[in-house]
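> Supplied in structure tokens, the structure appears directly below.
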There are 2 protein chains.
Amino acid sequence: MHTTPAGTERTTPLDHCAPPPRQHPRPDGKDHYTISEVVAFTGLTAHTLRWYERIGLMPHVDRSHTGQRRYTNRDLDWLDFVTKLRLTGMPVADMVRYAELVREGESTYGERQALLESTRRDVLGRIAELRGTLAVLDKKIGFYEQGAAAH
Amino acid sequence: MHTTPAGTERTTPLDHCAPPPRQHPRPDGKDHYTISEVVAFTGLTAHTLRWYERIGLMPHVDRSHTGQRRYTNRDLDWLDFVTKLRLTGMPVADMVRYAELVREGESTYGERQALLESTRRDVLGRIAELRGTLAVLDKKIGFYEQGAAAH
DNA sequence: TATGGCCTTGGAGTGCACTCCAGGCAAGCG
DNA sequence: CGCTTGCCTGGAGTGCACTCCAAGGCCATA
């Protein structure tokens, strides 16, 4: 069902059907991580991490003296938050908007709060929808369980 | 934010942020509906309805003597179910697979049940994820509410 | 010194789920 | 009769979120 092209960087293709992505816990008192460490922690691909940066979804990421990315714990926190937002179905453009507000400073607290509250409402709605779907699924599964005619 | 090209067929562009799509209830004792009636009932576009048919997601839809589609109540039930599946995040290809199983008859009951149960597990997982996100959102919103430093 | 591994970049490519277009047919109305 | 409205088709186009490619830099180990 899954052709796995065995790319060098691919780890978990963010399969939205996998039960819990179970990201590795952050290890020690370090505060700078290479991109491949961040891949291991977050489950995102290196491609995606670089892309997030390009589109303005990341605050500026530090570089080593050779130009390689060095992520901080703060960056990881942000990525965790972004990942949470992402699985609410929020479009990336909206997350970029939020990131911009953060960059603009305290004056945008109100707008940020409004954005999160609207997202919160979306999430509640989505949960309600899913519960409705669950009810339908249970009914159909019930039919099949007793071999009744159903489609 | 939304440019509306005022197409002749577009009704609701399936905005996943709208609260409840609130589909019109089916009216009377009729059992054949034009495509535009189905658009009104389901919130899907006519384009999408025709596309669903092309890819094998619909059982064969009746035609009027002039070749226009005439949907039955059974078709509408199927579309409702498909719509429910769709908002679990199930890929269209998987829904087509389910439709094929239905077409193949009773011998596929077991496989269908398995498919729905796997979907059910996905839905439970998704709900759990969303609850986790909700907790994060509430924490952040709490910060903003008291104007505390947060990002 | 060379080989391998990890990282860099801009830009092109992919897959999904629609979404639209152009051209045309049939029915109803003034 | 002409016009509008609603529907038809195959095929092309769109937007999103990645995903991959080719060419190359840096560094450690053999």
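Labels for the structure tokens follow display order: chains A, B, ..., residues from 1 in each chain, ligands from 1.
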Return as a ChimeraX atom specification the residues belonging to chain C that are within 12 Å of chain A, counting only C-alpha atoms (C1' of nucleotides).
/C:5-10
> Kindly provide, as a list in words, the residues of chain B having any atom no farther than 7 Å from an atom of chain A, counting only C-alpha atoms.
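Close enough to count are Cys17, Pro19, Lys84, Thr88, Val102, Tyr109, Gln113, Leu116, Arg120, Asp122, Val123, Gly125, Ile127, Leu130, Thr133, Leu134, Leu137, Ile141, Tyr144 and His151 of chain B.
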> Take the residues that were just selected and, keeping C-alpha atoms, output them as a PDB file, in the first residue's frame.

ATOM      1  CA  CYS B  17     -13.965  26.884   8.848  1.00  0.00           C
ATOM      2  CA  PRO B  19     -19.459  26.317  11.736  1.00  0.00           C
ATOM      3  CA  LYS B  84     -18.989  11.982   6.815  1.00  0.00           C
ATOM      4  CA  THR B  88     -12.514  12.132   8.986  1.00  0.00           C
ATOM      5  CA  VAL B 102     -20.183  -2.390  -1.886  1.00  0.00           C
ATOM      6  CA  TYR B 109     -18.896  -7.720   4.359  1.00  0.00           C
ATOM      7  CA  GLN B 113     -16.330  -4.022   8.437  1.00  0.00           C
ATOM      8  CA  LEU B 116     -14.842   0.915   8.911  1.00  0.00           C
ATOM      9  CA  ARG B 120     -13.230   4.313  13.586  1.00  0.00           C
ATOM     10  CA  ASP B 122      -8.553   6.848  13.183  1.00  0.00           C
ATOM     11  CA  VAL B 123     -11.445   9.011  14.257  1.00  0.00           C
ATOM     12  CA  GLY B 125      -7.223   9.104  17.473  1.00  0.00           C
ATOM     13  CA  ILE B 127     -10.440  13.325  18.497  1.00  0.00           C
ATOM     14  CA  LEU B 130      -7.758  17.600  18.823  1.00  0.00           C
ATOM     15  CA  THR B 133      -4.563  20.797  20.778  1.00  0.00           C
ATOM     16  CA  LEU B 134      -7.497  22.279  22.610  1.00  0.00           C
ATOM     17  CA  LEU B 137      -4.906  26.560  22.843  1.00  0.00           C
ATOM     18  CA  ILE B 141      -5.461  31.923  25.354  1.00  0.00           C
ATOM     19  CA  TYR B 144      -3.230  36.388  26.432  1.00  0.00           C
ATOM     20  CA  HIS B 151       4.169  33.907  22.167  1.00  0.00           C
TER      21      HIS B 151
END
> Show me, as a PyMOL selection string, the residues of chain A whose atoms get within 9 Å of chain D, using only C-alpha atoms (C1' of nucleotides) for the distance check.
chain A and resi 47-48+51+66+91-92
> When you look at Leu79 of chain B with a cut-off of 10 Å (counting only C-alpha atoms (C1' of nucleotides)), what residues show up, excluding the ones that are within fewer than 6 positions of it in the same chain? I need them as a PDB file with all heavy atoms, in the first residue's frame.

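Here's the written file result.pdb:
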ATOM      1  N   VAL B  38     -29.351  18.429  -5.480  1.00  0.00           N
ATOM      2  CA  VAL B  38     -28.389  17.692  -4.657  1.00  0.00           C
ATOM      3  C   VAL B  38     -27.324  18.649  -4.116  1.00  0.00           C
ATOM      4  O   VAL B  38     -26.876  18.525  -2.975  1.00  0.00           O
ATOM      5  CB  VAL B  38     -27.756  16.555  -5.461  1.00  0.00           C
ATOM      6  CG1 VAL B  38     -26.710  15.827  -4.647  1.00  0.00           C
ATOM      7  CG2 VAL B  38     -28.830  15.572  -5.911  1.00  0.00           C
ATOM      8  N   PHE B  41     -28.794  20.183  -1.135  1.00  0.00           N
ATOM      9  CA  PHE B  41     -28.923  19.280   0.017  1.00  0.00           C
ATOM     10  C   PHE B  41     -27.586  18.958   0.659  1.00  0.00           C
ATOM     11  O   PHE B  41     -27.479  18.841   1.883  1.00  0.00           O
ATOM     12  CB  PHE B  41     -29.586  17.957  -0.388  1.00  0.00           C
ATOM     13  CG  PHE B  41     -30.981  18.122  -0.920  1.00  0.00           C
ATOM     14  CD1 PHE B  41     -31.530  17.172  -1.763  1.00  0.00           C
ATOM     15  CD2 PHE B  41     -31.757  19.224  -0.579  1.00  0.00           C
ATOM     16  CE1 PHE B  41     -32.809  17.319  -2.261  1.00  0.00           C
ATOM     17  CE2 PHE B  41     -33.038  19.385  -1.083  1.00  0.00           C
ATOM     18  CZ  PHE B  41     -33.563  18.427  -1.930  1.00  0.00           C
ATOM     19  N   THR B  42     -26.570  18.761  -0.185  1.00  0.00           N
ATOM     20  CA  THR B  42     -25.317  18.215   0.348  1.00  0.00           C
ATOM     21  C   THR B  42     -24.248  19.266   0.603  1.00  0.00           C
ATOM     22  O   THR B  42     -23.316  19.015   1.366  1.00  0.00           O
ATOM     23  CB  THR B  42     -24.702  17.201  -0.628  1.00  0.00           C
ATOM     24  OG1 THR B  42     -24.388  17.879  -1.849  1.00  0.00           O
ATOM     25  CG2 THR B  42     -25.659  16.066  -0.904  1.00  0.00           C
ATOM     26  N   LEU B  44     -22.126  19.994  -1.527  1.00  0.00           N
ATOM     27  CA  LEU B  44     -21.090  19.731  -2.528  1.00  0.00           C
ATOM     28  C   LEU B  44     -21.381  20.547  -3.777  1.00  0.00           C
ATOM     29  O   LEU B  44     -22.516  20.959  -3.995  1.00  0.00           O
ATOM     30  CB  LEU B  44     -21.083  18.240  -2.880  1.00  0.00           C
ATOM     31  CG  LEU B  44     -20.795  17.285  -1.722  1.00  0.00           C
ATOM     32  CD1 LEU B  44     -21.176  15.860  -2.092  1.00  0.00           C
ATOM     33  CD2 LEU B  44     -19.329  17.359  -1.333  1.00  0.00           C
ATOM     34  N   LEU B  49     -19.808  16.583  -7.592  1.00  0.00           N
ATOM     35  CA  LEU B  49     -20.722  15.449  -7.762  1.00  0.00           C
ATOM     36  C   LEU B  49     -20.386  14.673  -9.034  1.00  0.00           C
ATOM     37  O   LEU B  49     -20.330  13.443  -9.037  1.00  0.00           O
ATOM     38  CB  LEU B  49     -22.165  15.941  -7.804  1.00  0.00           C
ATOM     39  CG  LEU B  49     -22.704  16.414  -6.449  1.00  0.00           C
ATOM     40  CD1 LEU B  49     -24.036  17.132  -6.620  1.00  0.00           C
ATOM     41  CD2 LEU B  49     -22.853  15.241  -5.491  1.00  0.00           C
ATOM     42  N   TYR B  52     -17.075  12.847  -8.495  1.00  0.00           N
ATOM     43  CA  TYR B  52     -17.256  11.645  -7.681  1.00  0.00           C
ATOM     44  C   TYR B  52     -17.730  10.480  -8.552  1.00  0.00           C
ATOM     45  O   TYR B  52     -17.319   9.345  -8.371  1.00  0.00           O
ATOM     46  CB  TYR B  52     -18.292  11.896  -6.581  1.00  0.00           C
ATOM     47  CG  TYR B  52     -17.764  12.583  -5.337  1.00  0.00           C
ATOM     48  CD1 TYR B  52     -16.435  12.977  -5.232  1.00  0.00           C
ATOM     49  CD2 TYR B  52     -18.597  12.844  -4.247  1.00  0.00           C
ATOM     50  CE1 TYR B  52     -15.960  13.610  -4.098  1.00  0.00           C
ATOM     51  CE2 TYR B  52     -18.118  13.471  -3.103  1.00  0.00           C
ATOM     52  CZ  TYR B  52     -16.810  13.858  -3.032  1.00  0.00           C
ATOM     53  OH  TYR B  52     -16.336  14.482  -1.906  1.00  0.00           O
ATOM     54  N   LEU B  57     -16.845   6.829  -7.199  1.00  0.00           N
ATOM     55  CA  LEU B  57     -17.244   6.972  -5.796  1.00  0.00           C
ATOM     56  C   LEU B  57     -18.764   6.919  -5.640  1.00  0.00           C
ATOM     57  O   LEU B  57     -19.274   6.814  -4.528  1.00  0.00           O
ATOM     58  CB  LEU B  57     -16.694   8.292  -5.246  1.00  0.00           C
ATOM     59  CG  LEU B  57     -16.827   8.566  -3.762  1.00  0.00           C
ATOM     60  CD1 LEU B  57     -16.363   7.381  -2.943  1.00  0.00           C
ATOM     61  CD2 LEU B  57     -16.028   9.798  -3.375  1.00  0.00           C
ATOM     62  N   MET B  58     -19.477   6.982  -6.773  1.00  0.00           N
ATOM     63  CA  MET B  58     -20.942   6.905  -6.732  1.00  0.00           C
ATOM     64  C   MET B  58     -21.390   5.614  -7.429  1.00  0.00           C
ATOM     65  O   MET B  58     -20.795   5.227  -8.434  1.00  0.00           O
ATOM     66  CB  MET B  58     -21.561   8.068  -7.525  1.00  0.00           C
ATOM     67  CG  MET B  58     -21.488   9.408  -6.883  1.00  0.00           C
ATOM     68  SD  MET B  58     -22.455   9.489  -5.388  1.00  0.00           S
ATOM     69  CE  MET B  58     -24.127   9.286  -6.027  1.00  0.00           C
ATOM     70  N   ASN B  73     -33.069   9.063  -3.357  1.00  0.00           N
ATOM     71  CA  ASN B  73     -32.815   9.219  -1.927  1.00  0.00           C
ATOM     72  C   ASN B  73     -31.665   8.329  -1.476  1.00  0.00           C
ATOM     73  O   ASN B  73     -30.857   8.713  -0.617  1.00  0.00           O
ATOM     74  CB  ASN B  73     -34.084   8.890  -1.132  1.00  0.00           C
ATOM     75  CG  ASN B  73     -35.042  10.076  -1.105  1.00  0.00           C
ATOM     76  OD1 ASN B  73     -34.654  11.180  -0.737  1.00  0.00           O
ATOM     77  ND2 ASN B  73     -36.269   9.861  -1.532  1.00  0.00           N
ATOM     78  N   LEU B  85     -17.415  10.405   5.918  1.00  0.00           N
ATOM     79  CA  LEU B  85     -16.095   9.777   5.812  1.00  0.00           C
ATOM     80  C   LEU B  85     -15.046  10.807   5.442  1.00  0.00           C
ATOM     81  O   LEU B  85     -13.940  10.815   5.974  1.00  0.00           O
ATOM     82  CB  LEU B  85     -16.106   8.677   4.739  1.00  0.00           C
ATOM     83  CG  LEU B  85     -16.825   7.375   5.063  1.00  0.00           C
ATOM     84  CD1 LEU B  85     -16.589   6.371   3.947  1.00  0.00           C
ATOM     85  CD2 LEU B  85     -16.351   6.797   6.387  1.00  0.00           C
TER      86      LEU B  85
END
> Just how far from atom CA of Ala93 of chain B is atom CA of Ile55 of chain B, in Å to one decimal?
8.9 Å
> With DSSP run on the backbone, what are the helix (DSSP H, G or I) residues within segment 40-151 of chain B? I'd like them as an MDAnalysis selection string.
chainID B and resid 40:42 46:54 73:86 92:104 106:145
> Quote the spacing between atom CA of His32 of chain A and atom CA of Asp94 of chain A in Å to one decimal place.
27.6 Å
> Between atom CA of Asp75 of chain A and atom CA of Val61 of chain A, what distance in Å does the model show, to one decimal?
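The value is 7.7 Å.
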